[in-house]
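Q: Input structure: data32.txt, which contains compact mmCIF, C-alpha atoms and all ligand atoms.
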# COMPACT_ATOMS: atom_id res chain seq x y z
CA MET A 235 0.00 0.00 0.00
CA PRO A 236 1.41 3.41 -0.93
CA ASP A 237 1.79 6.20 1.63
CA GLU A 238 -1.58 6.63 3.31
CA ARG A 239 -1.56 10.43 3.30
CA VAL A 240 -1.04 10.47 -0.45
CA CYS A 241 -3.88 7.99 -0.94
CA THR A 242 -6.22 10.09 1.20
CA GLU A 243 -5.30 13.34 -0.50
CA ALA A 244 -5.77 11.84 -3.97
CA THR A 245 -9.06 10.24 -2.96
CA GLU A 246 -10.48 13.46 -1.52
CA LEU A 247 -9.58 15.47 -4.61
CA THR A 248 -10.95 12.84 -7.01
CA ARG A 249 -14.16 12.73 -4.97
CA THR A 250 -14.54 16.52 -5.15
CA LEU A 251 -14.13 16.43 -8.95
CA ILE A 252 -16.71 13.60 -9.21
CA ARG A 253 -19.23 15.49 -7.06
CA ASN A 254 -18.88 18.61 -9.19
CA ALA A 255 -20.49 16.57 -11.99
CA CYS A 256 -19.10 18.44 -15.00
CA VAL A 257 -21.28 16.38 -17.33
CA ASN A 258 -20.58 16.97 -20.99
CA ASP A 259 -23.47 15.96 -23.27
CA GLY A 260 -21.95 17.57 -26.33
CA THR A 261 -23.86 20.85 -26.06
CA LEU A 262 -22.09 24.15 -25.53
CA ALA A 263 -23.93 24.87 -22.25
CA SER A 264 -23.01 21.51 -20.68
CA GLY A 265 -19.72 20.56 -19.03
CA GLN A 266 -19.25 23.81 -17.13
CA GLU A 267 -15.76 22.65 -16.24
CA VAL A 268 -15.18 25.97 -14.45
CA ARG A 269 -16.43 24.19 -11.31
CA ASN A 270 -13.57 21.70 -11.39
CA VAL A 271 -11.14 24.47 -12.29
CA GLU A 272 -12.22 26.33 -9.12
CA ALA A 273 -11.76 23.16 -7.07
CA LEU A 274 -8.24 22.72 -8.47
CA GLU A 275 -7.37 26.38 -7.85
CA ASP A 276 -8.51 25.97 -4.24
CA TYR A 277 -6.45 22.82 -3.97
CA PHE A 278 -3.32 24.50 -5.38
CA ALA A 279 -3.68 27.59 -3.16
CA GLY A 280 -0.66 28.24 -0.97
CA ALA A 281 1.65 25.81 -2.78
CA GLY A 282 3.49 28.56 -4.66
CA LEU A 283 2.24 27.43 -8.07
CA ALA A 284 1.60 29.83 -10.91
CA SER A 285 -1.67 28.97 -12.64
CA GLU A 286 -3.76 30.53 -15.35
CA ARG A 287 -7.28 30.04 -16.72
CA TYR A 288 -8.08 29.66 -20.41
CA VAL A 289 -11.68 30.31 -21.40
CA ALA A 290 -12.94 28.84 -24.69
CA ALA A 291 -16.62 29.63 -24.07
CA PRO A 292 -18.74 30.59 -21.03
CA GLY A 293 -18.03 28.01 -18.31
CA ARG A 294 -15.75 26.01 -20.62
CA VAL A 295 -12.54 26.74 -18.78
CA SER A 296 -9.17 24.98 -18.70
CA LEU A 297 -6.42 25.53 -16.14
CA VAL A 298 -2.67 25.54 -16.69
CA ALA A 299 -0.20 25.37 -13.78
CA ARG A 300 3.56 25.38 -14.25
CA ILE A 301 6.78 24.64 -12.43
CA GLU A 302 9.33 26.46 -14.54
CA GLY A 303 12.62 24.67 -15.24
CA ARG A 304 16.10 26.10 -14.65
CA ASP A 305 17.55 24.94 -17.95
CA ARG A 306 16.02 26.16 -21.22
CA GLY A 307 17.60 23.24 -23.06
CA ALA A 308 15.89 20.63 -20.85
CA PRO A 309 12.58 19.07 -21.92
CA THR A 310 9.09 20.22 -20.98
CA LEU A 311 6.64 17.57 -19.78
CA LEU A 312 2.91 18.22 -19.95
CA LEU A 313 0.60 16.24 -17.66
CA MET A 314 -2.89 16.62 -19.10
CA GLY A 315 -6.14 15.51 -17.48
CA HIS A 316 -9.67 16.30 -18.61
CA THR A 317 -12.20 17.63 -16.10
CA ASP A 318 -15.45 16.72 -17.89
CA VAL A 319 -17.32 13.41 -17.75
CA VAL A 320 -19.96 11.71 -19.89
CA PRO A 321 -23.57 11.48 -18.64
CA ALA A 322 -24.61 8.63 -16.33
CA ASN A 323 -28.02 7.04 -15.89
CA PRO A 324 -28.40 6.34 -12.13
CA ALA A 325 -30.91 3.55 -12.85
CA GLY A 326 -28.09 1.26 -14.00
CA TRP A 327 -25.77 2.00 -11.07
CA ARG A 328 -25.37 0.32 -7.70
CA ARG A 329 -24.33 3.70 -6.17
CA ASP A 330 -25.05 7.37 -6.85
CA PRO A 331 -22.91 8.20 -9.93
CA PHE A 332 -22.20 11.69 -8.59
CA GLY A 333 -22.09 10.90 -4.85
CA GLY A 334 -18.38 10.09 -4.65
CA GLU A 335 -19.12 7.32 -2.14
CA LEU A 336 -16.11 5.60 -0.60
CA VAL A 337 -16.92 2.00 0.33
CA ASP A 338 -14.32 -0.52 1.51
CA GLY A 339 -11.45 1.31 -0.19
CA ILE A 340 -13.30 1.83 -3.48
CA LEU A 341 -14.38 5.28 -4.68
CA TRP A 342 -17.51 5.22 -6.85
CA GLY A 343 -18.64 7.72 -9.42
CA ARG A 344 -18.68 8.93 -13.01
CA GLY A 345 -15.14 9.89 -13.91
CA ALA A 346 -13.48 7.56 -11.38
CA ILE A 347 -11.42 6.03 -14.20
CA ASP A 348 -12.23 8.40 -17.08
CA MET A 349 -10.27 10.32 -16.05
CA LEU A 350 -10.80 12.35 -12.89
CA ASN A 351 -8.57 9.82 -11.11
CA LEU A 352 -5.64 10.88 -13.28
CA THR A 353 -6.56 14.57 -13.40
CA ALA A 354 -6.61 14.53 -9.57
CA THR A 355 -3.48 12.43 -9.02
CA MET A 356 -1.50 14.58 -11.47
CA ALA A 357 -2.60 17.63 -9.43
CA VAL A 358 -1.57 15.94 -6.17
CA ALA A 359 1.89 15.25 -7.57
CA VAL A 360 2.31 18.78 -8.91
CA ARG A 361 1.19 20.31 -5.62
CA ARG A 362 3.51 18.10 -3.57
CA LEU A 363 6.42 18.97 -5.86
CA ALA A 364 5.70 22.70 -5.73
CA ALA A 365 5.17 22.74 -1.97
CA GLY A 366 8.46 20.87 -1.55
CA GLY A 367 10.34 23.52 -3.52
CA PHE A 368 11.01 21.31 -6.57
CA ARG A 369 13.26 23.26 -8.96
CA PRO A 370 13.86 20.90 -11.90
CA ARG A 371 16.05 21.37 -14.95
CA GLY A 372 13.10 20.79 -17.27
CA THR A 373 9.66 22.40 -17.03
CA LEU A 374 6.57 20.66 -15.66
CA VAL A 375 3.20 21.82 -16.99
CA TYR A 376 -0.14 20.66 -15.61
CA LEU A 377 -3.21 21.07 -17.76
CA ALA A 378 -6.75 20.44 -16.51
CA VAL A 379 -8.60 20.55 -19.79
CA ALA A 380 -12.27 20.96 -20.67
CA ASP A 381 -14.42 19.18 -23.24
CA GLU A 382 -12.45 16.01 -23.92
CA GLU A 383 -15.67 14.01 -24.11
CA ALA A 384 -17.03 15.97 -27.11
CA LEU A 385 -13.95 15.98 -29.37
CA GLY A 386 -12.09 18.71 -27.47
CA THR A 387 -13.63 21.65 -29.32
CA TYR A 388 -13.64 23.83 -26.17
CA GLY A 389 -10.56 22.19 -24.72
CA ALA A 390 -7.48 20.66 -26.32
CA ALA A 391 -8.47 21.52 -29.89
CA HIS A 392 -9.01 25.14 -28.87
CA LEU A 393 -5.77 25.37 -26.87
CA THR A 394 -3.53 23.75 -29.48
CA ALA A 395 -5.02 25.94 -32.22
CA HIS A 396 -5.18 29.29 -30.38
CA ARG A 397 -3.07 29.17 -27.20
CA LEU A 398 -0.27 26.82 -28.12
CA GLU A 399 2.29 28.78 -26.08
CA ALA A 400 0.40 27.80 -22.91
CA VAL A 401 0.50 24.07 -23.56
CA GLN A 402 3.61 23.67 -25.69
CA ALA A 403 5.67 20.70 -24.56
CA ASP A 404 8.21 18.14 -25.72
CA TYR A 405 6.23 15.24 -24.22
CA VAL A 406 2.64 14.76 -23.14
CA ILE A 407 1.00 12.21 -20.88
CA THR A 408 -2.77 11.85 -20.52
CA GLU A 409 -5.26 8.96 -20.26
CA ASN A 410 -5.16 5.97 -20.23
CA GLY A 411 -3.20 2.80 -19.51
CA GLY A 412 -1.23 1.16 -16.73
CA VAL A 413 -3.90 -1.33 -15.68
CA PRO A 414 -1.79 -4.40 -14.87
CA ILE A 415 -2.28 -7.51 -17.01
CA PRO A 416 -1.00 -10.56 -15.14
CA THR A 417 1.45 -12.79 -17.07
CA ALA A 418 3.78 -15.61 -16.14
CA SER A 419 6.75 -13.24 -15.90
CA GLY A 420 4.93 -10.55 -13.88
CA PRO A 421 2.41 -7.78 -14.46
CA LYS A 422 2.51 -5.96 -17.81
CA LEU A 423 1.53 -2.30 -17.81
CA PRO A 424 0.10 -1.09 -21.14
CA LEU A 425 1.36 2.31 -22.26
CA THR A 426 -0.94 3.85 -24.86
CA VAL A 427 1.20 5.10 -27.74
CA GLY A 428 -1.44 5.66 -30.40
CA GLU A 429 -5.06 5.71 -31.32
CA LYS A 430 -7.32 5.15 -34.29
CA GLY A 431 -8.66 7.95 -36.47
CA VAL A 432 -12.28 8.96 -35.87
CA ASN A 433 -14.07 8.97 -39.23
CA TRP A 434 -17.77 9.44 -38.72
CA ARG A 435 -19.83 9.17 -41.88
CA ARG A 436 -23.45 10.11 -42.46
CA LEU A 437 -25.06 8.24 -45.36
CA VAL A 438 -28.15 9.84 -46.83
CA VAL A 439 -30.17 7.26 -48.77
CA ARG A 440 -32.74 8.56 -51.27
CA GLY A 441 -35.98 6.96 -52.47
CA THR A 442 -39.35 8.03 -53.91
CA PRO A 443 -42.38 8.68 -51.69
CA GLY A 444 -45.61 6.77 -52.26
CA HIS A 445 -48.68 5.33 -50.57
CA GLY A 446 -47.92 2.63 -48.01
CA SER A 447 -50.96 0.67 -49.11
CA MET A 448 -49.34 -0.08 -52.51
CA PRO A 449 -45.69 -1.03 -51.89
CA PHE A 450 -45.24 -3.09 -55.08
CA ARG A 451 -42.34 -1.74 -57.21
CA THR A 452 -41.87 1.33 -55.01
CA ASP A 453 -38.46 2.87 -54.39
CA ASN A 454 -38.45 2.59 -50.58
CA ALA A 455 -35.37 4.29 -49.08
CA LEU A 456 -35.67 2.24 -45.89
CA VAL A 457 -35.48 -1.05 -47.79
CA THR A 458 -32.36 0.20 -49.59
CA ALA A 459 -30.88 1.39 -46.28
CA ALA A 460 -31.49 -2.02 -44.70
CA GLU A 461 -29.36 -3.65 -47.41
CA ILE A 462 -26.68 -0.98 -46.93
CA VAL A 463 -26.57 -1.70 -43.19
CA ARG A 464 -26.29 -5.41 -43.93
CA ARG A 465 -23.39 -4.82 -46.34
CA LEU A 466 -21.58 -2.60 -43.84
CA ALA A 467 -21.94 -5.20 -41.10
CA ALA A 468 -20.64 -7.92 -43.42
CA TYR A 469 -17.77 -5.83 -44.81
CA ARG A 470 -14.31 -7.19 -44.06
CA PRO A 471 -11.43 -4.87 -44.93
CA LYS A 472 -7.98 -6.44 -45.01
CA ALA A 473 -6.22 -6.86 -41.69
CA ARG A 474 -3.06 -4.86 -41.02
CA ILE A 475 -0.57 -5.86 -38.37
CA LEU A 476 1.03 -2.79 -36.82
CA ASP A 477 4.26 -3.03 -34.87
CA VAL A 478 2.46 -1.78 -31.75
CA TRP A 479 0.00 -4.71 -31.97
CA ARG A 480 2.83 -7.20 -32.48
CA ARG A 481 4.59 -5.90 -29.39
CA PHE A 482 1.41 -5.80 -27.31
CA VAL A 483 0.57 -9.41 -28.14
CA ALA A 484 4.14 -10.52 -27.43
CA GLY A 485 3.84 -8.86 -24.02
CA LEU A 486 0.76 -10.90 -23.13
CA GLU A 487 2.86 -14.08 -23.17
CA LEU A 488 0.11 -16.17 -24.74
CA PRO A 489 0.85 -19.66 -26.11
CA SER A 490 3.14 -19.24 -29.15
CA GLU A 491 0.51 -20.64 -31.52
CA VAL A 492 -2.02 -18.01 -30.41
CA THR A 493 0.57 -15.24 -30.65
CA ALA A 494 1.43 -16.32 -34.20
CA ALA A 495 -2.23 -16.44 -35.26
CA LEU A 496 -3.07 -13.04 -33.72
CA THR A 497 -0.22 -11.39 -35.60
CA ASP A 498 -0.86 -13.01 -38.97
CA PRO A 499 -2.99 -10.76 -41.23
CA ASP A 500 -4.48 -13.84 -42.91
CA ARG A 501 -5.49 -15.54 -39.66
CA VAL A 502 -6.25 -12.81 -37.10
CA TYR A 503 -9.93 -12.44 -38.09
CA GLU A 504 -10.77 -16.15 -37.74
CA THR A 505 -8.72 -16.37 -34.56
CA ALA A 506 -10.65 -13.48 -33.01
CA ALA A 507 -13.95 -14.95 -34.22
CA ALA A 508 -13.24 -18.22 -32.42
CA MET A 509 -11.82 -16.65 -29.26
CA GLU A 510 -13.51 -17.43 -25.95
CA SER A 511 -12.84 -14.02 -24.39
CA LEU A 512 -15.19 -11.54 -26.04
CA GLY A 513 -13.15 -8.62 -24.69
CA LEU A 514 -9.87 -9.81 -26.20
CA ALA A 515 -11.66 -10.77 -29.44
CA ARG A 516 -12.96 -7.22 -29.88
CA VAL A 517 -9.57 -5.72 -29.06
CA ALA A 518 -7.83 -8.09 -31.49
CA HIS A 519 -10.26 -7.23 -34.27
CA ALA A 520 -10.23 -3.47 -33.71
CA SER A 521 -6.43 -3.36 -33.36
CA THR A 522 -5.91 -4.95 -36.75
CA HIS A 523 -8.81 -3.57 -38.82
CA THR A 524 -10.41 -0.31 -39.80
CA THR A 525 -13.91 -0.84 -38.34
CA PHE A 526 -17.37 0.17 -39.59
CA SER A 527 -20.25 0.27 -37.12
CA PRO A 528 -23.67 1.47 -38.37
CA ASN A 529 -25.12 2.91 -35.15
CA VAL A 530 -27.90 5.39 -35.94
CA ALA A 531 -30.78 5.22 -38.44
CA ARG A 532 -33.37 7.93 -38.99
CA ALA A 533 -36.14 6.88 -41.36
CA GLY A 534 -39.76 7.35 -42.24
CA ALA A 535 -42.34 9.87 -41.07
CA LYS A 536 -45.65 8.05 -41.06
CA VAL A 537 -46.82 4.44 -41.21
CA ASN A 538 -48.75 4.87 -44.46
CA VAL A 539 -46.01 6.72 -46.36
CA VAL A 540 -43.21 5.01 -48.27
CA PRO A 541 -40.07 6.84 -47.02
CA ASP A 542 -37.98 8.80 -49.51
CA ARG A 543 -35.07 9.61 -47.18
CA VAL A 544 -33.04 7.69 -44.62
CA GLU A 545 -30.04 8.90 -42.66
CA LEU A 546 -27.52 6.36 -41.42
CA GLU A 547 -24.68 7.28 -39.11
CA VAL A 548 -21.65 5.05 -39.25
CA ASP A 549 -18.83 5.11 -36.71
CA VAL A 550 -15.67 4.36 -38.67
CA ARG A 551 -12.35 4.01 -36.84
CA ALA A 552 -9.32 3.97 -39.09
CA LEU A 553 -6.03 2.33 -38.17
CA PRO A 554 -3.10 4.75 -37.98
CA GLY A 555 -1.75 5.02 -41.53
CA VAL A 556 -5.19 4.71 -43.14
CA THR A 557 -6.20 8.11 -44.53
CA PRO A 558 -9.75 9.53 -44.56
CA SER A 559 -9.73 9.14 -48.36
CA GLU A 560 -8.91 5.44 -47.98
CA VAL A 561 -11.85 5.21 -45.57
CA ASP A 562 -14.12 6.61 -48.29
CA ALA A 563 -12.73 4.11 -50.79
CA MET A 564 -13.46 1.26 -48.36
CA LEU A 565 -16.98 2.58 -47.90
CA GLY A 566 -17.46 2.48 -51.67
CA GLU A 567 -16.16 -1.09 -51.73
CA ALA A 568 -18.57 -2.10 -48.96
CA LEU A 569 -21.60 -0.51 -50.64
CA GLY A 570 -20.83 -1.83 -54.12
CA ASP A 571 -23.61 -1.13 -56.64
CA LEU A 572 -25.59 0.81 -54.01
CA ARG A 573 -22.89 3.47 -53.66
CA PRO A 574 -24.55 5.78 -56.27
CA ARG A 575 -27.76 5.67 -54.20
CA VAL A 576 -26.08 7.38 -51.26
CA ASP A 577 -24.79 10.87 -50.44
CA VAL A 578 -21.91 10.62 -47.99
CA GLU A 579 -21.23 13.37 -45.45
CA ALA A 580 -18.19 13.30 -43.16
CA PRO A 581 -18.76 14.88 -39.73
CA SER A 582 -15.18 13.94 -38.83
CA ARG A 583 -12.17 13.01 -40.93
CA ASP A 584 -9.32 12.39 -38.53
CA GLU A 585 -6.05 10.63 -39.12
CA GLY A 586 -5.03 8.11 -36.50
CA SER A 587 -1.94 8.93 -34.49
CA LEU A 588 1.06 7.02 -33.23
CA SER A 589 4.03 8.02 -31.07
CA PRO A 590 7.34 6.18 -30.92
CA PHE A 591 7.71 3.74 -28.03
CA GLU A 592 11.47 4.31 -27.75
CA THR A 593 11.78 7.73 -26.11
CA PRO A 594 13.57 9.05 -23.01
CA LEU A 595 10.14 9.55 -21.43
CA ALA A 596 9.12 5.91 -21.95
CA ASP A 597 12.47 4.88 -20.44
CA ALA A 598 11.79 7.08 -17.42
CA LEU A 599 8.30 5.61 -17.04
CA ALA A 600 9.77 2.10 -17.14
CA ARG A 601 12.24 2.95 -14.36
CA VAL A 602 9.66 4.66 -12.17
CA THR A 603 6.97 1.99 -12.50
CA ALA A 604 9.42 -0.88 -11.96
CA ALA A 605 10.32 0.74 -8.63
CA LEU A 606 6.66 1.16 -7.58
CA VAL A 607 5.43 -2.21 -8.88
CA PRO A 608 8.36 -4.63 -8.61
CA GLY A 609 8.57 -7.12 -11.47
CA SER A 610 6.31 -5.07 -13.76
CA ARG A 611 7.14 -4.15 -17.33
CA ILE A 612 5.63 -1.63 -19.75
CA ILE A 613 4.23 -2.76 -23.10
CA PRO A 614 2.95 -0.46 -25.88
CA ARG A 615 -0.66 -0.51 -26.98
CA LEU A 616 -3.04 1.17 -29.38
CA THR A 617 -6.32 2.46 -27.96
CA GLN A 618 -9.58 2.11 -29.87
CA GLY A 619 -11.10 5.31 -28.50
CA ALA A 620 -10.05 8.91 -29.05
CA THR A 621 -8.23 11.02 -26.45
CA ASP A 622 -6.78 14.52 -26.34
CA ALA A 623 -3.35 13.00 -27.00
CA ARG A 624 -4.09 13.07 -30.72
CA PHE A 625 -3.90 16.89 -30.93
CA PHE A 626 -0.31 16.73 -29.72
CA ARG A 627 0.70 13.71 -31.80
CA TRP A 628 -0.55 15.53 -34.91
CA LEU A 629 1.90 18.33 -33.98
CA GLY A 630 4.72 15.77 -33.78
CA VAL A 631 4.86 15.75 -29.97
CA PRO A 632 5.17 12.25 -28.47
CA ALA A 633 2.04 11.72 -26.38
CA TYR A 634 1.25 8.73 -24.18
CA GLY A 635 -1.70 7.46 -22.20
CA PHE A 636 -0.81 6.11 -18.78
CA GLY A 637 -1.69 5.84 -15.10
CA LEU A 638 -0.77 3.28 -12.47
CA HIS A 639 -3.30 0.85 -11.06
CA SER A 640 -3.27 -1.80 -8.40
CA PRO A 641 -4.56 -5.29 -9.30
CA ARG A 642 -7.54 -4.87 -6.94
CA ILE A 643 -10.05 -4.22 -9.77
CA PRO A 644 -9.19 -6.83 -12.46
CA TYR A 645 -8.11 -5.48 -15.85
CA THR A 646 -11.04 -7.27 -17.49
CA GLU A 647 -13.45 -4.95 -15.57
CA TYR A 648 -12.01 -1.73 -16.95
CA PRO A 649 -13.44 -1.87 -20.48
CA LEU A 650 -16.92 -2.22 -18.96
CA MET A 651 -16.50 0.84 -16.73
CA PHE A 652 -15.45 3.36 -19.39
CA HIS A 653 -18.65 5.33 -20.10
CA GLY A 654 -20.50 2.41 -18.44
CA ASN A 655 -22.27 1.71 -15.17
CA ASP A 656 -20.59 1.38 -11.76
CA GLU A 657 -17.44 3.30 -12.66
CA ARG A 658 -15.08 3.09 -9.68
CA ILE A 659 -11.44 3.17 -8.61
CA ASP A 660 -9.61 1.76 -5.61
CA VAL A 661 -7.78 4.04 -3.21
CA GLU A 662 -4.48 2.21 -3.68
CA SER A 663 -4.54 2.94 -7.42
CA LEU A 664 -5.06 6.64 -6.68
CA GLY A 665 -2.06 6.64 -4.34
CA LEU A 666 0.08 4.71 -6.83
CA SER A 667 -0.67 7.12 -9.67
CA ALA A 668 0.06 10.19 -7.54
CA LEU A 669 3.41 8.75 -6.44
CA MET A 670 4.19 7.68 -9.99
CA TRP A 671 3.66 11.19 -11.46
CA GLU A 672 5.80 12.67 -8.71
CA ALA A 673 8.60 10.14 -9.21
CA LEU A 674 8.39 10.59 -12.97
CA ALA A 675 8.82 14.37 -12.73
CA ARG A 676 11.84 13.94 -10.45
CA ASP A 677 13.40 11.29 -12.70
CA PHE A 678 12.68 12.88 -16.08
CA LEU A 679 12.96 16.58 -15.33
CA GLY A 680 15.17 16.50 -12.20
ZN ZN A 701 -11.43 10.30 -20.95
Just give me the structure as structure tokens.
A:
Amino acid sequence: MPDERVCTEATELTRTLIRNACVNDGTLASGQEVRNVEALEDYFAGAGLASERYVAAPGRVSLVARIEGRDRGAPTLLLMGHTDVVPANPAGWRRDPFGGELVDGILWGRGAIDMLNLTATMAVAVRRLAAGGFRPRGTLVYLAVADEEALGTYGAAHLTAHRLEAVQADYVITENGGVPIPTASGPKLPLTVGEKGVNWRRLVVRGTPGHGSMPFRTDNALVTAAEIVRRLAAYRPKARILDVWRRFVAGLELPSEVTAALTDPDRVYETAAAMESLGLARVAHASTHTTFSPNVARAGAKVNVVPDRVELEVDVRALPGVTPSEVDAMLGEALGDLRPRVDVEAPSRDEGSLSPFETPLADALARVTAALVPGSRIIPRLTQGATDARFFRWLGVPAYGFGLHSPRIPYTEYPLMFHGNDERIDVESLGLSALMWEALARDFLG
């Protein structure tokens, strides 16, 4: 168990951020991250830290705190945590999602792992360093950022586009990773080095209206859309094996036959299809394919009218290296002869992003975590979801997702908790992360 005072301090701050309920539903008026910014300013008060607010829109506020380095040639490390959370439906929860209840060493609430735990533990480390008179060679920047959960428009996208000087860094760490995976040779700690490119597509399917009482030989847009959905679900783009996937699988220390099959572009699909663990099957598929998920359909106005317009929204996630234009080509391949029946709009056309795994920062993380969790080793991974790291990777800045977790909540539980019910974190993990950020700053910037 890490130092009890650190655990308590990290738990109290995380709980405050949970209770502030900065729920981001994608609308401009939601989020109101200014409440968590105020809580962090209160927490930093008296520690001798310089901090500054950045306002992207009313209530959509981010906070930057800095410990300036002595040596201009030494690197700058940015610790970035978002302060907003996604909505939660209390009906599905065993505890109040915004109560911040602490039960038997587990803190419950929306944001407990995504990512108020990290936003809080980064702040604890920065405050402890500042209060202790830490004067490093390199510069440490802490960023509590708004609006991560709605593509960062009023947060990281805004700051990197308009206030880059405030968040400029040589390395960035944000969510998520570091949940230990047990293996024969000890726990492996995944370090997120890249993510897929968000490519949302809206397909507008046209037809001809008519009377619902005479459907014979009508041009029903819903019937066409149903076939399009079927084709998208059946579409199988070619697998690509990225180096990061190869290294992640090697780190899992699976039987050599399974490792070989999961890293063979001709066999990974069938291997995932036959896999007993649904979680690993989905990860294996999504890590080796550009994926197409038709998730929203809007069709028809009245039961006795043949619909002439259907909107389909498709969540496409492109592997790093697959361009938005290649995504459109794949879409054409999937739709085949129905492609001319569809107008395609692209609400987002993002490239994936990937940082190198061999960097001085990754080396420092390996040293620091091996000291805190003896026998552990870091392995690189690609995340399926999008994080604010991508804005920095696009600028050429190595950006990682990490944290440090105890084994108390098994790693298989984590995928269910992200944006799901019963999100929670154990106190030991909060203490471990806080100590890890502090040790990292001393090692890497010292
Ligand atoms: Zn998050």
Q: Give me the residues of chain A that have any atom at most 10 Å from an atom of ligand ZN 701 (chain A); for each, the nearest atom pair and the distance in Å, rounded to one decimal. Use all atoms listed in the file, sort by chain and number, and format it as JSON lines.
A:
{"residue": "A:Gly315", "atom": "CA", "partner": "A:ZN701", "partner_atom": "ZN", "distance": 8.2}
{"residue": "A:His316", "atom": "CA", "partner": "A:ZN701", "partner_atom": "ZN", "distance": 6.7}
{"residue": "A:Thr317", "atom": "CA", "partner": "A:ZN701", "partner_atom": "ZN", "distance": 8.8}
{"residue": "A:Asp318", "atom": "CA", "partner": "A:ZN701", "partner_atom": "ZN", "distance": 8.2}
{"residue": "A:Val319", "atom": "CA", "partner": "A:ZN701", "partner_atom": "ZN", "distance": 7.4}
{"residue": "A:Val320", "atom": "CA", "partner": "A:ZN701", "partner_atom": "ZN", "distance": 8.7}
{"residue": "A:Gly345", "atom": "CA", "partner": "A:ZN701", "partner_atom": "ZN", "distance": 8.0}
{"residue": "A:Ile347", "atom": "CA", "partner": "A:ZN701", "partner_atom": "ZN", "distance": 8.0}
{"residue": "A:Asp348", "atom": "CA", "partner": "A:ZN701", "partner_atom": "ZN", "distance": 4.4}
{"residue": "A:Met349", "atom": "CA", "partner": "A:ZN701", "partner_atom": "ZN", "distance": 5.0}
{"residue": "A:Leu350", "atom": "CA", "partner": "A:ZN701", "partner_atom": "ZN", "distance": 8.3}
{"residue": "A:Leu352", "atom": "CA", "partner": "A:ZN701", "partner_atom": "ZN", "distance": 9.6}
{"residue": "A:Thr353", "atom": "CA", "partner": "A:ZN701", "partner_atom": "ZN", "distance": 9.9}
{"residue": "A:Asp381", "atom": "CA", "partner": "A:ZN701", "partner_atom": "ZN", "distance": 9.6}
{"residue": "A:Glu382", "atom": "CA", "partner": "A:ZN701", "partner_atom": "ZN", "distance": 6.5}
{"residue": "A:Glu383", "atom": "CA", "partner": "A:ZN701", "partner_atom": "ZN", "distance": 6.5}
{"residue": "A:Thr408", "atom": "CA", "partner": "A:ZN701", "partner_atom": "ZN", "distance": 8.8}
{"residue": "A:Glu409", "atom": "CA", "partner": "A:ZN701", "partner_atom": "ZN", "distance": 6.4}
{"residue": "A:Asn410", "atom": "CA", "partner": "A:ZN701", "partner_atom": "ZN", "distance": 7.7}
{"residue": "A:Gly619", "atom": "CA", "partner": "A:ZN701", "partner_atom": "ZN", "distance": 9.1}
{"residue": "A:Ala620", "atom": "CA", "partner": "A:ZN701", "partner_atom": "ZN", "distance": 8.3}
{"residue": "A:Thr621", "atom": "CA", "partner": "A:ZN701", "partner_atom": "ZN", "distance": 6.4}
{"residue": "A:Asp622", "atom": "CA", "partner": "A:ZN701", "partner_atom": "ZN", "distance": 8.3}
{"residue": "A:Phe652", "atom": "CA", "partner": "A:ZN701", "partner_atom": "ZN", "distance": 8.2}
{"residue": "A:His653", "atom": "CA", "partner": "A:ZN701", "partner_atom": "ZN", "distance": 8.8}
Q: In Å, with one decimal, what is the gap from CA of Arg440 (chain A) to CA of Pro581 (chain A)?
A: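 Interatomic distance, CA of Arg440 (chain A) to CA of Pro581 (chain A): 19.2 Å.
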Q: Could you pull the residues within 8 Å of region 499-506 of chain A, counting all atoms listed in the file, minus those fewer than 2 positions along the same chain, as number ranges by chain?
A: A: 472-475, 495-497, 508-509, 514-516, 518-519, 522
Q: Show me, as a list of chain:residue names, the residues that have an atom within 10 Å of Met314 (chain A) when counting all atoms listed in the file, minus same-chain residues fewer than 5 positions from it.
A: A:Val298, A:Leu352, A:Thr353, A:Met356, A:Ala357, A:Val375, A:Tyr376, A:Leu377, A:Ala378, A:Val379, A:Ala390, A:Val401, A:Val406, A:Ile407, A:Thr408, A:Glu409, A:Asp622, A:Ala623, A:Gly635
Q: One number please: CA of Thr593 (chain A) to CA of Ala308 (chain A), in Å, one decimal.
A: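 Those two atoms sit 14.5 Å apart.
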Q: For each of A:Leu393, A:Arg300, A:Ser285, A:Ser419, take the minimum atom-to-atom distance to Gly609 (chain A), counting all atoms listed in the file, then give the residue where this is smallest.
A: A:Ser419
Q: Please measure the separation of CA of Asp571 (chain A) and CA of Leu546 (chain A), giving the value in Å to one decimal.
A: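 CA of Leu546 (chain A) lies 17.4 Å from CA of Asp571 (chain A).
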Q: Please, which residues are within 6 Å of (-2.2, 7.0, -39.9) by the file's coordinates, counting all atoms listed in the file, and could they come as an MDAnalysis selection string?
A: chainID A and resid 554:556 585:587
Q: Which one of A:Tyr634, A:Tyr388, A:Trp342, A:Trp671 sits closest to Pro424 (chain A) if you count all atoms listed in the file?
A: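 Selected residue with least distance to Pro424 (chain A): A:Tyr634.
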Q: Grab all the atoms of region 644-663 of chain A that the file lists, wrap them in a box along x, y and z, add 3 Å per side, and give me centre plus edge lengths in Å (one decimal) as JSON.
A:
{"center_x": -13.4, "center_y": -1.0, "center_z": -11.8, "size_x": 23.8, "size_y": 18.6, "size_z": 23.3}
Q: Which residue out of A:Val602, A:Ala459, A:Leu283, A:Ala403 has the minimum interatomic distance to Ala675 (chain A) when only C-alpha atoms are used?
A: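 Closest to Ala675 (chain A), using only C-alpha atoms: A:Val602.
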Q: Which is closest to Phe626 (chain A) among A:Leu262, A:Ala391, A:Arg239, A:Pro608, if we use all atoms listed in the file?
A: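 Among A:Leu262, A:Ala391, A:Arg239, A:Pro608, it is A:Ala391 that comes nearest to Phe626 (chain A).
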